[in-house]
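Shown next: coords-v6.cif, given as mmCIF, C-alpha atoms.
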data_work
#
loop_
_atom_site.label_atom_id
_atom_site.label_comp_id
_atom_site.auth_asym_id
_atom_site.auth_seq_id
_atom_site.Cartn_x
_atom_site.Cartn_y
_atom_site.Cartn_z
CA MET A 218 0.00 0.00 0.00
CA ASP A 219 1.02 3.61 -0.54
CA ASN A 220 3.00 4.77 2.48
CA GLU A 221 1.06 8.03 2.66
CA PHE A 222 -2.36 6.38 2.82
CA LYS A 223 -3.41 4.81 6.11
CA VAL A 224 -6.68 3.22 7.10
CA PRO A 225 -7.84 5.16 10.17
CA LYS A 226 -8.58 3.50 13.47
CA TRP A 227 -12.06 3.87 14.93
CA ASN A 228 -12.69 7.34 16.31
CA ASN A 229 -15.76 8.59 18.17
CA LYS A 230 -16.11 11.36 15.57
CA PHE A 231 -17.60 8.60 13.38
CA LEU A 232 -20.50 8.11 15.80
CA ILE A 233 -23.86 9.34 14.49
CA GLY A 234 -25.86 8.60 17.66
CA VAL A 235 -27.92 5.66 16.38
CA PRO A 236 -26.55 2.65 18.29
CA ASP A 237 -27.17 -0.06 15.69
CA VAL A 238 -25.71 2.05 12.91
CA ASP A 239 -22.71 3.06 15.01
CA LEU A 240 -21.99 -0.58 15.88
CA GLN A 241 -22.21 -1.59 12.23
CA HIS A 242 -19.94 1.28 11.20
CA GLN A 243 -17.35 0.12 13.73
CA TYR A 244 -17.44 -3.39 12.32
CA PHE A 245 -17.31 -2.15 8.72
CA LEU A 246 -14.13 -0.21 9.49
CA LYS A 247 -12.74 -3.27 11.29
CA LEU A 248 -13.25 -5.31 8.10
CA ILE A 249 -11.33 -2.72 6.08
CA ILE A 250 -8.50 -2.66 8.65
CA ARG A 251 -8.36 -6.47 8.62
CA LEU A 252 -8.19 -6.48 4.84
CA GLU A 253 -5.39 -3.90 4.83
CA LYS A 254 -3.37 -5.93 7.36
CA ARG A 255 -3.78 -9.14 5.42
CA PHE A 256 -3.00 -7.43 2.15
CA ASN A 257 0.19 -5.96 3.65
CA VAL A 258 1.43 -9.40 4.69
CA GLY A 259 0.86 -10.72 1.18
CA MET A 260 -2.17 -12.97 1.22
CA ASP A 261 -2.96 -14.63 -2.08
CA SER A 262 -5.32 -12.99 -4.56
CA HIS A 263 -8.08 -15.57 -4.07
CA LEU A 264 -8.24 -14.85 -0.34
CA THR A 265 -8.04 -11.11 -0.97
CA TYR A 266 -10.98 -11.42 -3.37
CA ARG A 267 -12.95 -13.33 -0.71
CA HIS A 268 -12.28 -10.59 1.86
CA PHE A 269 -13.42 -7.91 -0.58
CA ASN A 270 -16.53 -9.96 -1.21
CA GLU A 271 -17.15 -10.16 2.54
CA ILE A 272 -16.99 -6.37 2.73
CA LEU A 273 -19.40 -6.07 -0.20
CA LYS A 274 -21.88 -8.42 1.47
CA TYR A 275 -21.53 -6.68 4.82
CA ALA A 276 -22.10 -3.30 3.19
CA ASP A 277 -25.27 -4.64 1.58
CA PHE A 278 -26.49 -5.92 4.98
CA HIS A 279 -25.58 -2.64 6.69
CA PHE A 280 -27.34 -0.53 4.08
CA GLN A 281 -30.50 -2.61 4.38
CA SER A 282 -30.43 -2.30 8.16
CA GLU A 283 -29.75 1.45 8.06
CA GLU A 284 -32.48 2.03 5.50
CA ASN A 285 -34.97 0.06 7.60
CA LEU A 286 -34.29 2.47 10.47
CA MET A 287 -34.69 5.41 8.12
CA LEU A 288 -38.08 4.14 7.04
CA LEU A 289 -39.05 3.47 10.66
CA TYR A 290 -38.28 7.10 11.55
CA ASN A 291 -39.74 8.52 8.28
CA TYR A 292 -36.42 10.06 7.31
CA PRO A 293 -37.17 12.65 4.60
CA GLU A 294 -33.87 12.09 2.73
CA PHE A 295 -34.37 8.33 2.45
CA ASP A 296 -34.55 8.25 -1.37
CA LEU A 297 -31.29 10.15 -1.81
CA HIS A 298 -29.56 8.05 0.82
CA HIS A 299 -30.81 4.83 -0.77
CA LYS A 300 -29.48 6.01 -4.14
CA LEU A 301 -26.04 6.63 -2.61
CA HIS A 302 -26.05 3.12 -1.16
CA ILE A 303 -26.86 1.60 -4.55
CA GLU A 304 -24.08 3.62 -6.18
CA LEU A 305 -21.55 2.42 -3.61
CA LEU A 306 -22.55 -1.22 -3.97
CA ASP A 307 -22.18 -0.86 -7.74
CA GLU A 308 -18.78 0.81 -7.36
CA VAL A 309 -17.50 -1.84 -4.94
CA GLY A 310 -18.86 -4.66 -7.11
CA THR A 311 -17.23 -3.20 -10.20
CA SER A 312 -13.95 -2.70 -8.35
CA LEU A 313 -14.10 -6.28 -7.14
CA ASN A 314 -14.50 -7.50 -10.71
CA TYR A 315 -11.62 -5.27 -11.85
CA TYR A 316 -9.47 -6.69 -9.04
CA ASN A 317 -10.32 -10.22 -10.11
CA LEU A 318 -9.33 -9.34 -13.69
CA GLY A 319 -6.07 -7.74 -12.54
CA ARG A 320 -7.16 -4.24 -13.58
CA LYS A 321 -7.18 -2.80 -10.02
CA ASP A 322 -4.98 -3.55 -7.09
CA ALA A 323 -6.10 -4.07 -3.50
CA SER A 324 -4.69 -0.77 -2.27
CA GLU A 325 -6.86 1.19 -4.72
CA ILE A 326 -9.98 -0.57 -3.49
CA ILE A 327 -9.06 -0.17 0.17
CA GLU A 328 -8.44 3.55 -0.35
CA MET A 329 -11.80 3.90 -2.15
CA LEU A 330 -13.59 2.07 0.71
CA VAL A 331 -11.96 4.24 3.37
CA ASN A 332 -12.66 7.49 1.53
CA TRP A 333 -16.25 6.47 1.01
CA PHE A 334 -16.60 5.36 4.65
CA LEU A 335 -15.20 8.64 5.97
CA ASN A 336 -17.18 10.92 3.67
CA HIS A 337 -20.44 9.00 3.87
CA THR A 338 -20.36 8.47 7.65
CA ILE A 339 -19.25 11.96 8.65
CA GLU A 340 -21.32 13.90 6.12
CA VAL A 341 -24.32 11.83 5.02
CA ASP A 342 -25.04 9.41 7.86
CA ALA A 343 -24.51 12.18 10.42
CA LYS A 344 -27.55 13.96 8.93
CA PHE A 345 -29.66 10.90 9.71
CA GLY A 346 -28.25 10.80 13.25
CA ASN A 347 -29.10 14.46 13.77
CA PHE A 348 -32.61 13.87 12.41
CA VAL A 349 -33.17 11.01 14.87
CA LYS A 350 -31.83 13.08 17.78
CA LYS A 351 -34.27 15.91 16.96
CA LEU A 352 -37.17 13.45 17.15
CA ASN A 353 -36.29 12.99 20.82
CA LEU A 354 -37.70 9.46 20.77
CA PRO A 355 -36.21 6.41 22.44
CA ILE A 356 -33.92 4.66 19.98
CA ASP A 357 -34.40 0.92 19.70
CA ASP A 358 -31.23 -1.03 20.36
#
Just give me the structure as structure tokens.
Amino acid sequence: MDNEFKVPKWNNKFLIGVPDVDLQHQYFLKLIIRLEKRFNVGMDSHLTYRHFNEILKYADFHFQSEENLMLLYNYPEFDLHHKLHIELLDEVGTSLNYYNLGRKDASEIIEMLVNWFLNHTIEVDAKFGNFVKKLNLPIDD
């Protein structure tokens, strides 16, 4: 991996205030960190592909779970958020195929995942967290 790019460790600035979503975000970042570590020690391409696929499947699960909460709370920006989720799943799936064909390397995909995680969590998901906080309702755990 590029020496200047580092996968960040979990930081409470990533919290949006919705416990289930925050827990899933922590695990999502853990998957990326695990992938980076294994990539850096030189795991074979088949195993790397399987780890990328795990991240893709986890992202799909997480998005479904997050969107269910958005619908539960009648989040007004649901449609836009759902569209962003579809775009990311498409981008990760395409990158995974490019990796499998040797047209992208693991570091490019890891960097894309981290950049997306940081931007989406801090900017987009935080809006949902703020919306839920303003409702002043008990949040289901």
Apply the PyMOL selection byres ((chain A and resi 283-290) around 8) to the file shown and report the selected residues as a VMD selection string.
chain A and resid 238 279 to 282 291 to 292 295 299 345 349
Give me the residues near A:Glu271 as a list of chain:residue names, where near means some atom within 12 Å (using all atoms listed in the file) and where sequence neighbours in that chain fewer than 3 positions away do not count.
A:Tyr244, A:Phe245, A:Lys247, A:Leu248, A:Ile249, A:Arg251, A:Leu252, A:Leu264, A:Thr265, A:Tyr266, A:Arg267, A:His268, A:Lys274, A:Tyr275, A:Ala276, A:Asp277, A:Phe278, A:Val309, A:Gly310, A:Leu313
Rank nothing, just name the residue among A:Glu294, A:Glu328, A:Asp239, A:Asp322 nearest to A:Phe348, using all atoms listed in the file.
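Using all atoms listed in the file, the shortest distance to A:Phe348 belongs to A:Glu294.
Going from atom CA of A:Leu273 over to atom CA of A:Lys321, you cover 16.0 Å.
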So how far away is atom CA of A:Thr338 from atom CA of A:Ser324, in Å?
20.7 Å
Please report the interatomic distance between atom CA of A:Leu318 and atom CA of A:His337 in Å with one decimal.
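Answer for the atom CA of A:Leu318 to atom CA of A:His337 separation: 27.7 Å.
Minimum atom-to-atom distance to A:Asn228, evaluated using only C-alpha atoms, belongs to A:Gln243 out of A:Asn353, A:Asn332, A:Gln243, A:Ser312.
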Which residue of A:Val331, A:Asn270, A:Met260, A:Asn347 approaches A:Asn314 most closely, using all atoms listed in the file
A:Asn270
Neighbour list for A:Phe231 as a PyMOL selection string, cut-off 12 Å, all atoms listed in the file, skip fewer than 3 positions in-chain
chain A and resi 225-228+234-236+238-243+245-246+334-343+346
Of the candidates A:Leu330, A:Leu305, A:Leu297, A:Ile272, which one gets nearest to A:Lys223 if we count all atoms listed in the file?
A:Leu330
Counting all atoms listed in the file, the residue among A:Ile250, A:Asp296, A:Asp237, A:Phe269 that lies closest to A:Thr311 is A:Phe269
Nearest candidate to A:Asn317 (options A:Arg255, A:His302, A:His263, A:Lys344; using all atoms listed in the file)
A:His263
